[in-house]
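J.: Below is the file coords04.csv, which contains CSV, C-alpha atoms.
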chain,number,residue,atom,x,y,z
A,5,MET,CA,36.1,116.0,-35.9
A,6,TYR,CA,32.6,115.5,-37.1
A,7,VAL,CA,33.7,114.4,-40.6
A,8,LYS,CA,36.3,111.9,-39.1
A,9,LEU,CA,33.6,110.4,-36.8
A,10,LYS,CA,31.2,110.1,-39.7
A,11,VAL,CA,33.8,108.3,-41.9
A,12,LYS,CA,34.7,106.0,-39.0
A,13,CYS,CA,31.1,105.1,-38.5
A,14,ALA,CA,30.6,104.4,-42.2
A,15,VAL,CA,33.7,102.2,-42.3
A,16,SER,CA,32.4,100.3,-39.2
A,17,ALA,CA,29.0,99.8,-40.8
A,18,ILE,CA,30.7,98.3,-43.9
A,19,VAL,CA,32.8,96.0,-41.8
A,20,ILE,CA,29.7,94.8,-39.9
A,21,PHE,CA,27.8,94.3,-43.1
A,22,LEU,CA,30.6,92.3,-44.8
A,23,ALA,CA,31.0,90.1,-41.7
A,24,GLY,CA,27.3,89.4,-41.7
A,25,CYS,CA,27.5,88.2,-45.3
A,26,LEU,CA,30.1,85.6,-44.4
A,27,GLN,CA,29.6,82.2,-43.0
A,28,PRO,CA,30.4,81.8,-39.3
A,29,GLY,CA,34.2,81.7,-38.8
A,30,GLU,CA,35.2,82.8,-42.3
A,31,TYR,CA,36.1,86.4,-41.5
A,32,ARG,CA,38.9,85.3,-39.2
A,33,TRP,CA,41.0,84.0,-42.1
A,34,ALA,CA,43.1,86.4,-44.2
A,35,VAL,CA,42.9,86.2,-48.0
A,36,HIS,CA,45.1,83.3,-49.2
A,37,ASP,CA,45.9,82.4,-45.6
A,38,ILE,CA,48.3,79.3,-45.7
A,39,ASN,CA,47.2,78.3,-42.2
A,40,ARG,CA,43.5,77.9,-43.2
A,41,PRO,CA,42.3,74.3,-42.7
A,42,ARG,CA,42.3,72.2,-45.9
A,43,PRO,CA,39.0,70.6,-47.1
A,44,PRO,CA,38.9,66.9,-46.5
A,45,VAL,CA,39.9,64.7,-49.5
A,46,VAL,CA,37.1,62.8,-51.2
A,47,THR,CA,37.8,60.4,-54.0
A,48,PRO,CA,35.2,60.7,-56.8
A,49,GLY,CA,33.8,57.7,-58.6
A,50,GLU,CA,35.9,56.4,-61.6
A,51,GLN,CA,33.0,57.2,-63.9
A,52,LEU,CA,30.4,60.0,-63.8
A,53,GLY,CA,27.5,59.1,-61.5
A,54,GLN,CA,29.5,56.6,-59.5
A,55,ALA,CA,29.5,57.0,-55.7
A,56,PRO,CA,32.4,59.0,-54.2
A,57,SER,CA,34.4,57.6,-51.3
A,58,ASP,CA,32.3,59.3,-48.6
A,59,ALA,CA,28.9,58.3,-49.9
A,60,VAL,CA,26.4,55.9,-48.3
A,61,VAL,CA,25.6,53.4,-51.0
A,62,LEU,CA,21.9,52.6,-50.8
A,63,PHE,CA,21.8,49.9,-53.5
A,64,ASP,CA,24.7,47.7,-54.6
A,65,GLY,CA,22.9,46.2,-57.6
A,66,VAL,CA,22.1,43.0,-55.8
A,67,ASP,CA,19.8,43.2,-52.8
A,68,LEU,CA,17.5,45.5,-50.7
A,69,ASP,CA,19.4,45.2,-47.4
A,70,GLU,CA,19.4,49.0,-47.0
A,71,TRP,CA,15.6,49.1,-47.5
A,72,GLU,CA,12.4,48.1,-45.8
A,73,SER,CA,8.7,48.4,-46.4
A,74,ALA,CA,7.4,51.8,-45.4
A,75,GLY,CA,4.6,49.9,-43.7
A,76,GLY,CA,7.0,47.7,-41.7
A,77,GLY,CA,8.7,44.5,-42.6
A,78,PRO,CA,11.1,43.6,-45.5
A,79,ALA,CA,11.0,45.5,-48.8
A,80,ARG,CA,9.0,43.4,-51.3
A,81,TRP,CA,10.2,45.0,-54.5
A,82,LYS,CA,12.1,42.8,-57.1
A,83,ALA,CA,15.9,43.2,-57.0
A,84,GLY,CA,18.7,41.8,-59.1
A,85,ARG,CA,20.6,42.3,-62.3
A,86,GLY,CA,21.9,45.7,-61.2
A,87,TYR,CA,18.5,47.3,-60.5
A,88,PHE,CA,15.4,46.9,-58.4
A,89,GLU,CA,11.8,47.3,-59.6
A,90,VAL,CA,8.5,48.4,-58.1
A,91,VAL,CA,6.2,45.5,-57.5
A,92,PRO,CA,2.7,47.1,-57.8
A,93,GLU,CA,0.5,47.0,-54.7
A,94,THR,CA,3.4,45.9,-52.4
A,95,GLY,CA,3.7,49.4,-51.0
A,96,ASP,CA,6.3,52.1,-50.7
A,97,ILE,CA,9.8,51.3,-49.5
A,98,GLN,CA,12.2,53.4,-47.3
A,99,THR,CA,15.8,53.3,-46.2
A,100,THR,CA,16.7,51.6,-42.9
A,101,ARG,CA,18.9,54.6,-42.2
A,102,VAL,CA,17.8,58.2,-41.6
A,103,PHE,CA,19.0,61.4,-43.3
A,104,GLY,CA,18.5,65.2,-43.2
A,105,ASP,CA,20.6,67.6,-45.3
A,106,CYS,CA,21.9,65.5,-48.2
A,107,GLN,CA,23.2,65.1,-51.7
A,108,LEU,CA,21.4,62.3,-53.4
A,109,HIS,CA,22.1,60.5,-56.7
A,110,ILE,CA,19.5,58.1,-58.0
A,111,GLU,CA,18.8,56.6,-61.4
A,112,TRP,CA,15.5,55.4,-62.7
A,113,ALA,CA,13.7,54.1,-65.8
A,114,THR,CA,10.1,53.9,-66.7
A,115,PRO,CA,8.7,50.9,-68.6
A,116,ALA,CA,9.9,50.6,-72.2
A,117,GLU,CA,6.4,49.4,-73.2
A,118,VAL,CA,4.2,52.5,-72.9
A,119,LYS,CA,0.9,52.0,-71.1
A,120,GLY,CA,-1.5,54.7,-70.0
A,121,ASN,CA,-1.1,58.4,-70.1
A,122,GLY,CA,-0.7,61.4,-67.8
A,123,GLN,CA,-0.2,60.3,-64.2
A,124,ASP,CA,-0.9,56.7,-65.1
A,125,ARG,CA,2.4,56.3,-67.1
A,126,GLY,CA,5.6,55.3,-65.3
A,127,ASN,CA,4.6,57.0,-62.0
A,128,SER,CA,6.7,56.8,-58.9
A,129,GLY,CA,8.4,59.3,-56.6
A,130,VAL,CA,11.5,60.1,-54.5
A,131,PHE,CA,10.5,61.4,-51.1
A,132,LEU,CA,13.2,63.3,-49.2
A,133,MET,CA,12.8,62.5,-45.5
A,134,GLY,CA,9.7,60.5,-46.6
A,135,ILE,CA,7.8,63.8,-46.9
A,136,TYR,CA,9.0,66.0,-49.7
A,137,GLU,CA,8.5,64.4,-53.2
A,138,VAL,CA,10.4,64.8,-56.4
A,139,GLN,CA,8.1,63.3,-59.0
A,140,VAL,CA,9.2,60.3,-61.1
A,141,LEU,CA,7.1,60.0,-64.3
A,142,ASP,CA,7.4,59.1,-68.0
A,143,SER,CA,7.1,62.7,-69.2
A,144,TYR,CA,8.5,62.0,-72.7
A,145,ASP,CA,5.7,63.1,-75.1
A,146,ASN,CA,3.2,62.7,-72.2
A,147,ASP,CA,1.1,65.7,-71.2
A,148,THR,CA,-0.1,66.1,-67.6
A,149,TYR,CA,-0.4,68.9,-65.1
A,150,PRO,CA,3.0,70.7,-64.9
A,151,ASP,CA,3.5,70.4,-61.1
A,152,GLY,CA,3.0,66.6,-61.5
A,153,GLN,CA,5.4,65.9,-64.3
A,154,ALA,CA,8.9,64.3,-63.9
A,155,GLY,CA,11.2,66.5,-61.9
A,156,ALA,CA,8.4,68.5,-60.3
A,157,VAL,CA,8.3,69.2,-56.6
A,158,TYR,CA,5.0,67.4,-56.6
A,159,GLY,CA,2.0,69.7,-56.4
A,160,GLN,CA,4.2,72.8,-55.9
A,161,LYS,CA,6.8,73.6,-58.5
A,162,PRO,CA,7.1,72.3,-62.1
A,163,PRO,CA,10.6,71.7,-63.4
A,164,MET,CA,12.3,74.5,-65.2
A,165,VAL,CA,12.5,72.3,-68.4
A,166,ASN,CA,11.4,68.9,-69.4
A,167,ALA,CA,14.7,66.9,-69.6
A,168,CYS,CA,13.2,63.4,-69.9
A,169,ARG,CA,14.7,60.7,-72.1
A,170,PRO,CA,12.4,58.2,-73.9
A,171,PRO,CA,10.7,55.5,-71.9
A,172,GLY,CA,12.8,52.5,-71.1
A,173,LEU,CA,16.1,54.5,-71.0
A,174,TRP,CA,17.9,55.2,-67.7
A,175,GLN,CA,17.6,58.7,-66.3
A,176,SER,CA,19.3,60.4,-63.3
A,177,TYR,CA,18.4,62.8,-60.6
A,178,ASP,CA,21.1,64.6,-58.7
A,179,ILE,CA,19.5,66.4,-55.7
A,180,ILE,CA,20.8,68.8,-53.1
A,181,PHE,CA,18.3,68.9,-50.2
A,182,ARG,CA,18.4,71.2,-47.2
A,183,ARG,CA,15.9,70.1,-44.5
A,184,PRO,CA,13.5,72.5,-42.8
A,185,ILE,CA,14.5,73.9,-39.4
A,186,PHE,CA,12.0,73.9,-36.5
A,187,ASP,CA,12.0,75.5,-33.1
A,188,GLY,CA,9.6,73.3,-31.3
A,189,ASP,CA,6.4,73.4,-33.5
A,190,LYS,CA,7.5,76.7,-35.1
A,191,LEU,CA,9.1,76.7,-38.6
A,192,VAL,CA,12.3,78.7,-38.5
A,193,ARG,CA,13.6,77.9,-42.0
A,194,PRO,CA,11.8,76.1,-44.8
A,195,ALA,CA,13.4,73.3,-46.8
A,196,THR,CA,15.2,74.0,-50.1
A,197,ILE,CA,16.0,71.8,-53.1
A,198,THR,CA,18.2,71.8,-56.2
A,199,VAL,CA,17.7,69.1,-58.8
A,200,LEU,CA,19.5,68.1,-62.0
A,201,GLN,CA,17.9,65.6,-64.3
A,202,ASN,CA,20.2,63.9,-66.7
A,203,GLY,CA,22.8,66.7,-66.0
A,204,VAL,CA,20.2,69.5,-66.7
A,205,LEU,CA,19.3,71.9,-64.0
A,206,ILE,CA,15.5,71.7,-63.4
A,207,GLN,CA,15.1,73.0,-59.8
A,208,ASP,CA,17.3,75.8,-58.7
A,209,HIS,CA,17.6,76.1,-54.9
A,210,TRP,CA,13.8,76.3,-54.7
A,211,THR,CA,12.1,76.8,-51.4
A,212,ILE,CA,9.7,73.9,-50.6
A,213,GLN,CA,6.3,75.1,-49.4
A,214,GLY,CA,5.7,72.1,-47.1
A,215,ALA,CA,4.9,68.4,-47.0
A,216,THR,CA,3.8,66.8,-50.3
A,217,ALA,CA,0.0,66.6,-50.6
A,218,HIS,CA,-2.4,65.7,-53.4
A,219,SER,CA,-4.8,68.3,-54.7
A,220,GLU,CA,-4.3,70.7,-51.8
A,221,ARG,CA,-1.8,73.3,-50.7
A,222,ALA,CA,1.3,72.2,-48.9
A,223,GLY,CA,2.1,73.1,-45.3
A,224,TYR,CA,4.7,72.3,-42.7
A,225,GLU,CA,4.4,70.3,-39.6
A,226,ALA,CA,7.3,69.8,-37.2
A,227,HIS,CA,9.2,66.6,-37.6
A,228,PRO,CA,12.6,65.0,-36.5
A,229,ASP,CA,15.8,66.3,-38.0
A,230,LYS,CA,16.5,63.0,-39.8
A,231,LEU,CA,14.1,60.6,-41.4
A,232,PRO,CA,14.2,57.8,-44.0
A,233,LEU,CA,14.4,58.3,-47.8
A,234,LYS,CA,11.2,56.8,-49.4
A,235,LEU,CA,10.4,55.5,-52.9
A,236,GLN,CA,6.8,55.3,-54.0
A,237,ASP,CA,4.8,52.4,-55.3
A,238,HIS,CA,2.3,54.1,-57.6
A,239,GLY,CA,1.3,50.9,-59.4
A,240,ASN,CA,3.8,51.1,-62.2
A,241,PRO,CA,6.9,48.9,-62.5
A,242,VAL,CA,9.5,51.7,-62.4
A,243,ARG,CA,13.1,50.6,-62.0
A,244,TYR,CA,15.9,52.1,-59.9
A,245,ARG,CA,19.6,51.7,-59.7
A,246,ASN,CA,22.9,53.4,-58.6
A,247,ILE,CA,21.5,55.1,-55.5
A,248,TRP,CA,23.9,56.8,-53.1
A,249,ILE,CA,23.6,59.6,-50.7
A,250,ARG,CA,26.1,62.0,-48.9
A,251,PRO,CA,24.9,63.4,-45.6
A,252,LEU,CA,25.6,67.2,-45.5
A,253,ASP,CA,24.8,67.8,-41.8
Take the structure in the file and give it back as structure tokens.

T.:
Amino acid sequence: MYVKLKVKCAVSAIVIFLAGCLQPGEYRWAVHDINRPRPPVVTPGEQLGQAPSDAVVLFDGVDLDEWESAGGGPARWKAGRGYFEVVPETGDIQTTRVFGDCQLHIEWATPAEVKGNGQDRGNSGVFLMGIYEVQVLDSYDNDTYPDGQAGAVYGQKPPMVNACRPPGLWQSYDIIFRRPIFDGDKLVRPATITVLQNGVLIQDHWTIQGATAHSERAGYEAHPDKLPLKLQDHGNPVRYRNIWIRPLD
């Protein structure tokens, strides 16, 4: 009897452990269950990098209707001919819509004519929720501090590799971002981020340490579940195009 009871307890513990490893609701479906709900159908873009059918297109190649100045009022960057460009000293811009968990595709190009070095060369930034920055920089044959080069979670995590193309050429970021979870003012779960630059994995489900800061350690402060996406005016005429986002929450 003792042996049977011990075996039964062990089996129960295994079942509980396996159930805990599954996402909520998964364990109720049998393997290959024909009655399991089908995933919704999403039509991908005709070419790699094009927006799928369920994406929110944030730039159509013509105007900045989806954007506004981060300081209030219309976005003052230059748009047309399939891209828009930072107009130095006009300020950051942000989306008129708000987002939390998301998949983001964005393409960018630093000036073909190289001016400056380090952080003064093709500098901009993609701020998830307006708070958490993935650095944009001309990092092709341009040395700077590693947590400030292109693809870095700025001030926190250098990219795994330098995947930059030469200045003037278009580059892409594909980003999977999971927002932080708060219970009141208490952080329950930090944000995470995965980034591919030009198809190369450079950030692998990394845990973000907090809000982007310059020359100081990051930390979290509670904020809403959804906030605008922001692009940075750092004084360089960086260009952007083909921007779309898929909310994941």

J.: Name the residues in contact with Glu89 of chain A at a cut-off of 9 Å, using all atoms listed in the file, excluding same-chain residues fewer than 6 positions from it; report them as a list in words.

T.: Trp81, Lys82, Ala83, Pro241, Val242, Arg243, Tyr244 and Arg245 of chain A

J.: At a cut-off of 8 Å, using all atoms listed in the file, what residues contact Pro162 of chain A? Leave out same-chain residues fewer than 6 positions from it and give the result as a PyMOL selection string.

T.: chain A and resi 150-153+155-156

J.: Output the selection as a PDB file, in the frame of the given file - C-alpha atoms for each residue.

T.:
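File written: result37.pdb
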ATOM      1  CA  PRO A 150       3.000  70.700 -64.900  1.00  0.00           C
ATOM      2  CA  ASP A 151       3.500  70.400 -61.100  1.00  0.00           C
ATOM      3  CA  GLY A 152       3.000  66.600 -61.500  1.00  0.00           C
ATOM      4  CA  GLN A 153       5.400  65.900 -64.300  1.00  0.00           C
ATOM      5  CA  GLY A 155      11.200  66.500 -61.900  1.00  0.00           C
ATOM      6  CA  ALA A 156       8.400  68.500 -60.300  1.00  0.00           C
TER       7      ALA A 156
END

J.: Which residues, written as JSON, numbers by chain, have at least one atom at most 10 Å from Glu93 of chain A, with all atoms listed in the file counted and residues fewer than 5 positions away on the same chain left out?

T.: {"A": [80, 81, 237, 238, 239, 240]}

J.: Residues near segment 225-228 of chain A, anyone? I mean within 9 Å using only C-alpha atoms, not counting same-chain ones fewer than 2 positions away, as a compact mmCIF listing (two decimals) with C-alpha atoms, in the frame of the given file.

T.:
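Below you can see out_14.txt, which holds the result:
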# COMPACT_ATOMS: atom_id res chain seq x y z
CA GLY A 104 18.50 65.20 -43.20
CA PRO A 184 13.50 72.50 -42.80
CA ILE A 185 14.50 73.90 -39.40
CA PHE A 186 12.00 73.90 -36.50
CA ASP A 187 12.00 75.50 -33.10
CA GLY A 188 9.60 73.30 -31.30
CA ASP A 189 6.40 73.40 -33.50
CA LYS A 190 7.50 76.70 -35.10
CA LEU A 191 9.10 76.70 -38.60
CA GLY A 214 5.70 72.10 -47.10
CA ALA A 215 4.90 68.40 -47.00
CA GLY A 223 2.10 73.10 -45.30
CA LYS A 230 16.50 63.00 -39.80
CA LEU A 231 14.10 60.60 -41.40

J.: Which residue is closest to Tyr149 of chain A? Choose from A:Gly122, A:Val204, A:Arg221, A:Val91 and count only C-alpha atoms.

T.: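 With only C-alpha atoms as the atom set, the closest residue is A:Gly122.
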
J.: Do a neighbour search on Thr99 of chain A at 8 Å with only C-alpha atoms, toss out local chain neighbours closer than 6 positions, and write the hits as a list of chain:residue names.

T.: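 Non-adjacent residues within range: A:Leu62, A:Glu70, A:Trp71, A:Glu72, A:Pro232, A:Leu233, A:Lys234.
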